[in-house]
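Text of the file work-v6.cif, holding mmCIF, C-alpha atoms and all ligand atoms:
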data_input
#
loop_
_atom_site.label_atom_id
_atom_site.label_comp_id
_atom_site.auth_asym_id
_atom_site.auth_seq_id
_atom_site.Cartn_x
_atom_site.Cartn_y
_atom_site.Cartn_z
CA MET A 1 -9.00 25.48 1.88
CA ASN A 2 -8.07 21.85 2.50
CA ASN A 3 -4.28 21.69 2.71
CA SER A 4 -4.08 17.96 2.23
CA LYS A 5 -5.44 18.55 -1.26
CA ARG A 6 -2.75 20.52 -3.03
CA ILE A 7 -2.64 19.78 -6.72
CA LEU A 8 0.03 20.89 -9.10
CA LEU A 9 -1.48 20.72 -12.57
CA ILE A 10 0.96 20.50 -15.47
CA ILE A 11 -0.76 21.45 -18.69
CA GLY A 12 0.94 19.90 -21.71
CA GLY A 13 0.62 20.82 -25.35
CA GLY A 14 -2.41 19.16 -26.89
CA VAL A 15 -5.83 20.14 -28.16
CA ALA A 16 -7.23 18.69 -24.93
CA ALA A 17 -5.49 21.51 -23.00
CA TYR A 18 -8.78 23.41 -23.06
CA LYS A 19 -10.26 20.65 -20.90
CA ALA A 20 -7.53 21.34 -18.32
CA LEU A 21 -9.30 24.63 -17.63
CA GLU A 22 -12.41 22.67 -16.69
CA VAL A 23 -10.24 20.44 -14.50
CA ILE A 24 -8.98 23.51 -12.61
CA ARG A 25 -12.50 24.75 -12.10
CA GLY A 26 -13.75 21.33 -10.93
CA LEU A 27 -10.86 20.89 -8.51
CA SER A 28 -11.34 24.38 -7.08
CA ASP A 29 -15.05 23.63 -6.59
CA LYS A 30 -13.99 20.62 -4.53
CA CYS A 31 -11.74 22.81 -2.36
CA TYR A 32 -8.48 21.63 -3.86
CA GLU A 33 -5.77 24.26 -3.97
CA VAL A 34 -4.46 24.29 -7.51
CA ARG A 35 -1.19 25.68 -8.84
CA CYS A 36 -0.39 25.29 -12.50
CA VAL A 37 2.61 24.85 -14.72
CA LEU A 38 2.12 25.51 -18.40
CA THR A 39 4.65 23.84 -20.71
CA LYS A 40 5.93 25.71 -23.76
CA ALA A 41 3.73 23.49 -25.95
CA GLY A 42 0.79 23.99 -23.58
CA GLU A 43 1.07 27.75 -24.08
CA GLN A 44 0.17 27.21 -27.75
CA PHE A 45 -3.26 25.99 -26.66
CA VAL A 46 -4.25 27.94 -23.54
CA THR A 47 -3.00 31.26 -22.23
CA PRO A 48 -1.24 31.82 -18.89
CA LEU A 49 -3.87 34.47 -18.12
CA SER A 50 -6.82 32.07 -18.33
CA VAL A 51 -4.94 29.47 -16.28
CA SER A 52 -3.98 31.91 -13.53
CA SER A 53 -7.44 33.49 -13.48
CA LEU A 54 -9.10 30.12 -12.93
CA SER A 55 -6.59 28.75 -10.42
CA GLY A 56 -6.26 32.01 -8.51
CA ASN A 57 -2.48 31.53 -8.48
CA GLN A 58 0.26 32.79 -10.74
CA VAL A 59 1.06 30.20 -13.41
CA SER A 60 4.65 28.89 -13.55
CA LEU A 61 6.19 28.79 -16.97
CA ASP A 62 9.95 28.72 -16.97
CA LEU A 63 12.64 26.80 -15.11
CA PHE A 64 15.14 29.56 -15.67
CA SER A 65 12.97 32.53 -14.68
CA HIS A 66 14.54 34.48 -11.80
CA GLU A 67 11.22 36.01 -10.93
CA SER A 68 9.22 32.80 -10.54
CA GLU A 69 12.15 30.91 -8.95
CA ALA A 70 12.45 33.63 -6.31
CA GLN A 71 8.72 33.51 -5.65
CA PHE A 72 8.21 29.75 -5.50
CA SER A 73 11.19 27.67 -6.67
CA HIS A 74 10.60 24.54 -8.73
CA ILE A 75 11.81 22.44 -5.78
CA GLU A 76 9.43 24.17 -3.37
CA LEU A 77 6.61 23.71 -5.86
CA ALA A 78 7.44 20.01 -6.23
CA ARG A 79 7.42 19.64 -2.43
CA TRP A 80 4.28 21.71 -1.99
CA ALA A 81 2.14 19.40 -4.10
CA ASP A 82 0.35 16.41 -2.62
CA THR A 83 -0.27 15.27 -6.16
CA ILE A 84 1.12 16.33 -9.52
CA LEU A 85 -1.45 15.87 -12.28
CA VAL A 86 -0.31 16.06 -15.89
CA ALA A 87 -3.27 16.85 -18.15
CA PRO A 88 -3.02 16.60 -21.06
CA ALA A 89 0.03 14.33 -20.96
CA THR A 90 1.39 14.20 -24.49
CA ALA A 91 3.42 11.35 -25.99
CA ASP A 92 6.48 13.60 -26.04
CA PHE A 93 6.08 14.64 -22.40
CA MET A 94 5.74 11.05 -21.25
CA ALA A 95 8.79 10.03 -23.31
CA LYS A 96 10.79 12.65 -21.45
CA VAL A 97 9.55 11.50 -18.04
CA ALA A 98 10.18 7.84 -18.90
CA ASN A 99 13.79 8.76 -19.60
CA GLY A 100 14.35 11.04 -16.62
CA HIS A 101 14.69 14.29 -18.57
CA ALA A 102 14.59 17.57 -16.65
CA ASP A 103 15.16 20.25 -19.27
CA ASP A 104 12.08 22.30 -18.46
CA LEU A 105 10.12 23.26 -15.37
CA ALA A 106 7.51 20.51 -15.62
CA THR A 107 9.90 17.59 -16.12
CA ALA A 108 12.33 18.95 -13.50
CA MET A 109 9.52 19.00 -10.96
CA ILE A 110 8.49 15.45 -11.68
CA LEU A 111 12.08 14.35 -11.16
CA ALA A 112 12.31 16.37 -7.93
CA THR A 113 9.06 15.34 -6.29
CA THR A 114 8.40 12.54 -3.83
CA SER A 115 4.66 13.11 -4.18
CA GLN A 116 2.21 11.16 -6.24
CA VAL A 117 2.26 11.82 -10.00
CA VAL A 118 -0.77 11.10 -12.19
CA PHE A 119 -0.92 11.33 -15.99
CA ALA A 120 -4.01 11.94 -18.09
CA PRO A 121 -2.68 11.04 -21.56
CA ALA A 122 -4.04 12.63 -24.74
CA MET A 123 -2.85 11.87 -28.23
CA ASN A 124 -3.77 10.44 -31.59
CA VAL A 125 -4.73 6.75 -31.53
CA LYS A 126 -1.76 5.70 -33.67
CA MET A 127 0.63 7.62 -31.43
CA TRP A 128 -0.90 5.93 -28.38
CA GLU A 129 -0.59 2.46 -29.93
CA ASN A 130 2.97 3.03 -31.09
CA VAL A 131 5.38 0.60 -29.42
CA ALA A 132 7.64 3.48 -28.36
CA THR A 133 4.76 5.14 -26.51
CA GLN A 134 3.67 1.85 -24.97
CA ALA A 135 7.23 1.18 -23.78
CA ASN A 136 7.30 4.63 -22.18
CA ILE A 137 3.94 4.01 -20.49
CA LYS A 138 5.24 0.74 -19.08
CA ARG A 139 8.36 2.48 -17.78
CA ILE A 140 6.32 5.28 -16.18
CA ALA A 141 4.09 2.73 -14.44
CA GLU A 142 7.22 0.96 -13.16
CA LEU A 143 8.38 4.28 -11.71
CA GLY A 144 5.25 4.21 -9.54
CA TYR A 145 3.21 6.85 -11.39
CA SER A 146 -0.49 6.42 -12.17
CA PHE A 147 -2.76 7.01 -15.16
CA ILE A 148 -6.28 8.26 -15.67
CA GLY A 149 -7.49 7.38 -19.16
CA PRO A 150 -7.09 7.78 -22.05
CA THR A 151 -10.58 7.00 -23.28
CA GLU A 152 -11.90 5.85 -26.64
CA GLY A 153 -13.71 8.21 -28.98
CA LYS A 154 -13.55 10.59 -31.88
CA MET A 155 -10.31 12.55 -32.02
CA ALA A 156 -9.63 16.15 -33.02
CA CYS A 157 -7.90 14.80 -36.14
CA GLY A 158 -11.08 12.96 -37.19
CA GLU A 159 -9.82 9.45 -36.37
CA TYR A 160 -11.54 7.19 -33.89
CA GLY A 161 -9.92 5.12 -31.12
CA LEU A 162 -8.08 5.15 -27.81
CA GLY A 163 -6.17 8.34 -26.99
CA ARG A 164 -8.73 10.94 -25.97
CA MET A 165 -8.05 12.63 -22.68
CA ALA A 166 -10.53 11.56 -19.99
CA GLU A 167 -13.31 14.07 -19.37
CA PRO A 168 -12.68 16.56 -16.52
CA GLU A 169 -15.35 14.96 -14.26
CA GLN A 170 -13.74 11.55 -14.73
CA ILE A 171 -10.27 12.95 -14.02
CA ILE A 172 -11.47 14.57 -10.81
CA SER A 173 -13.38 11.55 -9.49
CA GLU A 174 -10.59 9.10 -10.39
CA LEU A 175 -8.01 11.43 -8.90
CA GLU A 176 -9.74 11.11 -5.54
CA MET A 177 -9.60 7.31 -5.80
CA VAL A 178 -5.96 7.32 -6.90
CA GLN A 179 -5.09 9.63 -4.02
CA THR A 180 -6.73 7.35 -1.48
CA SER A 181 -4.77 4.36 -2.70
CA TRP A 182 -1.47 6.20 -2.73
CA THR A 183 0.53 4.91 0.19
CA LYS A 184 2.99 7.26 1.76
CA ARG A 185 6.04 5.64 3.30
CA GLY A 186 5.34 6.90 6.80
CA LYS A 187 1.64 6.06 6.76
CA GLY A 188 0.51 4.49 10.05
CA LEU A 189 3.49 5.83 12.01
CA THR A 190 3.22 8.48 14.71
CA ALA A 191 5.83 11.04 15.72
CA ILE A 192 6.19 13.57 18.53
CA ILE A 193 8.64 16.43 18.06
CA THR A 194 9.71 19.08 20.53
CA SER A 195 10.76 22.34 18.95
CA GLY A 196 11.89 25.89 19.70
CA PRO A 197 13.23 27.25 22.97
CA THR A 198 11.57 27.13 26.37
CA ARG A 199 11.18 30.24 28.46
CA GLU A 200 11.55 30.34 32.22
CA ALA A 201 10.07 33.32 34.02
CA ILE A 202 12.10 35.10 36.70
CA ASP A 203 9.44 37.62 37.62
CA PRO A 204 6.34 38.91 35.76
CA VAL A 205 8.50 40.84 33.25
CA ARG A 206 11.75 38.87 32.92
CA TYR A 207 12.75 35.42 31.78
CA ILE A 208 15.70 33.31 30.66
CA SER A 209 15.66 31.56 27.32
CA ASN A 210 17.93 30.92 24.32
CA HIS A 211 18.25 31.77 20.63
CA SER A 212 16.54 28.68 19.22
CA SER A 213 14.31 29.71 16.30
CA GLY A 214 12.24 26.52 16.03
CA LYS A 215 13.02 26.34 12.30
CA GLN A 216 14.70 22.93 12.33
CA GLY A 217 11.94 21.29 14.38
CA THR A 218 9.29 22.81 12.13
CA GLU A 219 11.01 21.55 8.97
CA ILE A 220 11.25 18.04 10.41
CA ALA A 221 7.58 18.10 11.41
CA LYS A 222 6.64 19.19 7.89
CA GLU A 223 8.72 16.52 6.20
CA LEU A 224 7.34 13.77 8.41
CA ARG A 225 3.84 15.01 7.59
CA GLU A 226 4.72 14.92 3.87
CA GLN A 227 5.75 11.30 4.29
CA GLY A 228 2.43 10.40 5.88
CA PHE A 229 3.36 10.37 9.56
CA LYS A 230 0.79 11.54 12.09
CA VAL A 231 2.77 14.32 13.73
CA LYS A 232 2.40 16.11 17.03
CA MET A 233 4.70 19.05 17.67
CA VAL A 234 5.20 20.44 21.16
CA SER A 235 6.58 23.89 20.59
CA GLY A 236 8.11 26.45 22.90
CA PRO A 237 7.69 30.17 22.13
CA SER A 238 9.06 30.68 18.62
CA LEU A 239 8.24 33.00 15.74
CA THR A 240 8.11 30.14 13.25
CA THR A 241 4.64 29.58 11.81
CA PRO A 242 3.37 26.16 12.88
CA PRO A 243 2.88 23.91 9.86
CA THR A 244 -0.62 22.95 8.78
CA GLY A 245 -1.75 19.35 9.00
CA ILE A 246 0.11 18.87 12.26
CA ASP A 247 -1.20 18.76 15.80
CA VAL A 248 0.61 21.57 17.63
CA ILE A 249 0.70 22.05 21.40
CA LYS A 250 2.15 25.40 22.44
CA VAL A 251 4.00 25.55 25.72
CA VAL A 252 6.27 28.03 27.47
CA THR A 253 8.35 26.29 30.13
CA ALA A 254 10.33 23.04 30.22
CA GLN A 255 7.93 21.60 32.78
CA GLU A 256 4.97 22.35 30.52
CA MET A 257 6.84 20.78 27.61
CA LEU A 258 7.44 17.62 29.62
CA GLU A 259 3.77 17.42 30.60
CA ALA A 260 2.63 17.91 27.00
CA VAL A 261 5.04 15.26 25.70
CA SER A 262 4.24 12.74 28.45
CA GLY A 263 0.52 13.26 27.86
CA SER A 264 0.99 12.65 24.11
CA LEU A 265 2.75 9.29 24.42
CA PRO A 266 2.78 6.62 23.07
CA CYS A 267 4.29 7.23 19.64
CA ASP A 268 6.61 5.41 17.26
CA VAL A 269 9.25 8.14 16.98
CA PHE A 270 10.24 10.88 19.41
CA ILE A 271 12.47 13.65 18.10
CA SER A 272 13.74 16.08 20.67
CA VAL A 273 14.77 19.16 18.72
CA ALA A 274 13.84 21.77 21.33
CA ALA A 275 16.54 23.78 23.03
CA VAL A 276 15.14 23.22 26.49
CA SER A 277 16.32 25.65 29.17
CA ASP A 278 18.48 23.61 31.49
CA TRP A 279 17.64 25.82 34.46
CA ARG A 280 14.73 27.72 35.97
CA VAL A 281 14.79 30.09 38.95
CA LYS A 282 14.42 28.35 42.29
CA GLU A 283 11.94 30.94 43.45
CA TYR A 284 9.81 32.85 40.99
CA SER A 285 9.20 36.39 42.20
CA PRO A 286 5.51 37.29 41.77
CA ALA A 287 6.47 40.98 41.99
CA LYS A 288 8.93 42.68 39.64
CA ILE A 289 12.41 42.49 41.17
CA LYS A 290 13.43 46.06 42.06
CA LYS A 291 16.93 47.48 41.84
CA SER A 292 18.29 49.94 44.37
CA ASN A 293 20.97 52.56 43.77
CA GLN A 294 23.43 50.82 46.06
CA GLN A 295 23.06 47.44 44.44
CA GLN A 296 25.74 46.41 41.91
CA THR A 297 25.03 42.70 41.54
CA LEU A 298 22.03 40.41 41.63
CA THR A 299 22.17 36.78 42.65
CA LEU A 300 19.51 34.38 41.49
CA LYS A 301 19.37 30.72 42.42
CA PHE A 302 18.51 28.26 39.67
CA ILE A 303 17.39 24.67 39.85
CA LYS A 304 17.65 22.07 37.13
CA ASN A 305 14.78 21.51 34.73
CA PRO A 306 13.61 17.99 33.95
CA ASP A 307 15.38 16.34 31.03
CA ILE A 308 12.50 15.61 28.66
CA LEU A 309 14.52 13.53 26.23
CA ALA A 310 16.00 11.33 28.96
CA THR A 311 12.58 10.93 30.58
CA VAL A 312 11.02 9.72 27.32
CA ALA A 313 13.98 7.50 26.46
CA HIS A 314 13.86 5.83 29.89
CA HIS A 315 10.07 5.48 29.90
CA LYS A 316 9.13 2.12 31.42
CA THR A 317 5.90 1.50 29.50
CA HIS A 318 5.79 3.93 26.55
CA ARG A 319 9.36 4.25 25.30
CA PRO A 320 9.01 5.05 21.57
CA LYS A 321 10.61 2.57 19.17
CA LEU A 322 13.00 5.29 18.01
CA VAL A 323 14.23 8.14 20.21
CA VAL A 324 16.26 10.86 18.51
CA GLY A 325 18.01 13.63 20.43
CA PHE A 326 19.81 16.72 19.20
CA ALA A 327 23.14 17.95 20.51
CA ALA A 328 23.91 21.57 19.86
CA GLU A 329 27.60 21.90 20.64
CA THR A 330 30.20 24.60 20.32
CA SER A 331 33.16 22.14 20.53
CA ASP A 332 34.01 18.40 20.52
CA LEU A 333 30.90 17.63 18.50
CA GLU A 334 31.47 13.91 18.06
CA LYS A 335 32.67 13.18 21.60
CA ASN A 336 29.77 15.04 23.21
CA ALA A 337 27.23 13.44 20.91
CA LYS A 338 28.44 9.92 21.76
CA LEU A 339 28.32 10.69 25.49
CA LYS A 340 24.77 12.01 25.15
CA LEU A 341 23.70 8.92 23.21
CA ASP A 342 24.49 6.74 26.23
CA ARG A 343 23.65 9.16 29.05
CA LYS A 344 20.18 9.91 27.70
CA ASN A 345 19.44 6.39 26.44
CA CYS A 346 18.77 7.68 22.90
CA ASP A 347 18.91 5.63 19.73
CA TRP A 348 20.35 8.47 17.66
CA ILE A 349 21.85 11.88 18.31
CA VAL A 350 21.84 14.56 15.63
CA ALA A 351 24.82 16.75 16.46
CA ASN A 352 25.20 20.26 15.15
CA ASN A 353 27.74 22.99 15.58
CA VAL A 354 26.28 26.12 17.16
CA SER A 355 29.56 27.98 17.65
CA GLU A 356 29.52 31.65 16.65
CA GLU A 357 31.91 30.93 13.77
CA ALA A 358 29.52 28.29 12.36
CA GLY A 359 26.65 30.80 12.69
CA PHE A 360 23.89 28.23 12.25
CA MET A 361 21.77 29.12 15.30
CA GLY A 362 18.63 30.78 14.01
CA SER A 363 19.77 30.56 10.36
CA ASP A 364 18.14 28.57 7.55
CA SER A 365 21.09 26.18 7.28
CA ASN A 366 22.56 23.49 9.45
CA GLU A 367 25.57 21.17 9.32
CA VAL A 368 24.83 17.90 11.08
CA GLN A 369 26.18 14.50 11.96
CA ILE A 370 23.79 11.66 12.76
CA HIS A 371 25.21 9.33 15.42
CA THR A 372 23.67 5.94 15.97
CA HIS A 373 25.16 3.33 18.29
CA ALA A 374 26.74 1.65 15.28
CA ASN A 375 27.51 4.44 12.81
CA THR A 376 28.19 8.11 12.25
CA TYR A 377 26.83 9.87 9.16
CA THR A 378 28.41 13.23 8.39
CA TYR A 379 26.72 15.77 6.12
CA PRO A 380 27.84 19.06 4.58
CA CYS A 381 26.04 22.33 5.32
CA MET A 382 22.46 22.01 4.06
CA LYS A 383 19.21 23.94 4.21
CA LYS A 384 17.26 22.97 7.33
CA SER A 385 14.54 21.59 5.05
CA ASP A 386 17.13 19.26 3.47
CA VAL A 387 18.36 18.17 6.90
CA ALA A 388 14.72 17.30 7.59
CA VAL A 389 14.51 15.21 4.40
CA THR A 390 17.76 13.40 5.24
CA LEU A 391 16.70 12.62 8.80
CA THR A 392 13.24 11.50 7.70
CA ASN A 393 14.78 9.13 5.16
CA HIS A 394 16.95 7.61 7.90
CA ILE A 395 13.87 7.21 10.07
CA LEU A 396 11.86 5.57 7.28
CA GLU A 397 14.72 3.19 6.50
CA SER A 398 14.98 2.21 10.17
CA PHE A 399 11.30 1.22 9.97
CA ASN A 400 12.02 -0.66 6.72
CA ARG A 401 9.73 1.67 4.75
O1 LIG B 1 21.99 17.96 27.52
P1 LIG B 1 21.73 18.74 26.30
O2 LIG B 1 20.84 19.93 26.54
O3 LIG B 1 22.93 19.13 25.54
O4 LIG B 1 20.94 17.72 25.35
C1 LIG B 1 20.31 18.12 24.19
C2 LIG B 1 19.16 17.20 23.88
O5 LIG B 1 18.40 16.94 25.02
C3 LIG B 1 18.22 17.82 22.87
O6 LIG B 1 17.63 16.78 22.14
C4 LIG B 1 17.19 18.49 23.78
O7 LIG B 1 15.96 18.62 23.13
C5 LIG B 1 17.11 17.53 24.93
N1 LIG B 1 16.84 18.14 26.26
C6 LIG B 1 15.64 17.88 26.90
N2 LIG B 1 15.39 18.40 28.13
C7 LIG B 1 16.31 19.15 28.76
C8 LIG B 1 17.53 19.43 28.11
C9 LIG B 1 17.76 18.90 26.87
O8 LIG B 1 14.79 17.19 26.32
N3 LIG B 1 16.04 19.66 29.94
#

When written as structure tokens, how does the structure in this file appear?
Amino acid sequence: MNNSKRILLIIGGGVAAYKALEVIRGLSDKCYEVRCVLTKAGEQFVTPLSVSSLSGNQVSLDLFSHESEAQFSHIELARWADTILVAPATADFMAKVANGHADDLATAMILATTSQVVFAPAMNVKMWENVATQANIKRIAELGYSFIGPTEGKMACGEYGLGRMAEPEQIISELEMVQTSWTKRGKGLTAIITSGPTREAIDPVRYISNHSSGKQGTEIAKELREQGFKVKMVSGPSLTTPPTGIDVIKVVTAQEMLEAVSGSLPCDVFISVAAVSDWRVKEYSPAKIKKSNQQQTLTLKFIKNPDILATVAHHKTHRPKLVVGFAAETSDLEKNAKLKLDRKNCDWIVANNVSEEAGFMGSDSNEVQIHTHANTYTYPCMKKSDVAVTLTNHILESFNR
């Protein structure tokens, strides 16, 4: 399955809905992954069963269904899609989109997505020519959405003219062209992210590490990928599944992480999310350290690990244009973040509270402040995926995208 080809097909209510089934089949043949939303009107023309059988995925029907929201929420679905294709797009559906309505699953997703949206209109010729429809079409084009068709021909109602939905083969071939021309805001930019903890061995069975889950780094990597960045993630040992479409280098120790990052430079943006172990044992014991009955304490000597962020930010030849560090603090968030900004030569520090009371370490939420040399942006508690969206938007703005 090609993951850069995820299509969310919204099937609207028109006679041409039967052709949407052919579209699903054609897309699947071309290795697109297809998920479908059937509008209430669409359900009058094709059944959820035929749609789900052809797409191989459960069809989404209702914005207010607990079951489908729990399985794949409308926001997740909107984010999942590389492209949302509306076929057939009725006059009524496009009127809703043109006016920003979100009173059902399909329209809510179009409002929520940052992905490409393509309409394959289908309606009676008079409805198509109506000035209200044409005004809506103009508005939708201004919003940055694209169209495939309609074409001219004999209509279901017996009339002849423009308004027929494009044939499935045409939709599929034009979709590929429209997708190629779609420019993502981060296109052409490269990013390196460190993520997760590092692990420093003491002997063959023991190590020191920390509770970093790697979730925040993974979410940022995913969001940058969504925005068209070429992303490389250098990840310490974490249970988080590495995102697809991203170059992942797995490492264990801080030294390995530094080597992987240094070897991956240059890049436009470096984001240091990893919770790098500050220390490693001075002398690794190749044999398991034994305890004796008399022994009550154990003394180990640690030496400092390299500071990866500071190394990248001070790089003489390959310093990225934007260097972003993280500061996980249990107190004095702002003061410590500002100090780190200067000490490590970063452009921005994303500070977050990792005190036990805040309870964010390892959770799905985070409460962050973004410190630049000029400003501080403070955010409420958000899902880590939303922190990723916020940070990515800041990054894109700093590159004037
Ligand atoms: O100094 P402190 O560990 O608080 O700084 C946190 C920031 O520095 C994070 O961005 C972390 O990824 C980075 N860091 C690093 N190498 C280290 C320690 C921290 O890159 N050895």

Query - Who sits within 10 Å of A:Gly100, all atoms listed in the file, same chain under 6 positions skipped, as a PyMOL selection string - result: chain A and resi 94+107-108+110-111+140

Query raised in the report: Neighbours of stretch 31-42 of chain A within 9 Å (all atoms listed in the file; same-chain residues fewer than 6 positions away dropped), as an MDAnalysis selection string?
Result: chainID A and resid 1:15 17 24 48 51:52 55:62 77 81 88 104:106

With a cut-off of 9 Å, could you pull out the residues of stretch 278-327 of chain A touching stretch 206-228 of chain A and give me the nearest pair of atoms for each, distance in Å to one decimal, using all atoms listed in the file, ordered by chain and ascending number, as CSV?
residue,atom,partner,partner_atom,distance
A:Trp279,CA,A:Ile208,CA,8.6
A:Arg280,CA,A:Ile208,CA,7.8
A:Val281,CA,A:Ile208,CA,8.9
A:Lys288,CA,A:Arg206,CA,8.2

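Between atom CA of A:Ser398 and atom CA of A:Trp348 the separation is 11.1 Å.
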
Requested in this report: With all atoms listed in the file counted, collect every polymer residue having an atom within 8 Å of ligand LIG 1 (chain B); state the result as a ChimeraX atom specification.
Outcome: /A:194-195,254,271-279,304-311,324-329,340,344,349

Query - Non-local contacts of stretch 264-267 of chain A (6 Å; all atoms listed in the file; under 2 positions in same chain excluded) as an NGL selection string - result: :A and (190-191 or 261-262 or 269 or 318 or 320)

Report summary line: With distances taken over only C-alpha atoms, the candidate from A:Asn353, A:Asn400, A:Ser115, A:Ser363 nearest A:Tyr379 is A:Asn353

Query raised in the report: What is the atom CA of A:Ile249-atom CA of A:Ala201 distance in Å, reported with one decimal?
Result: 19.3 Å
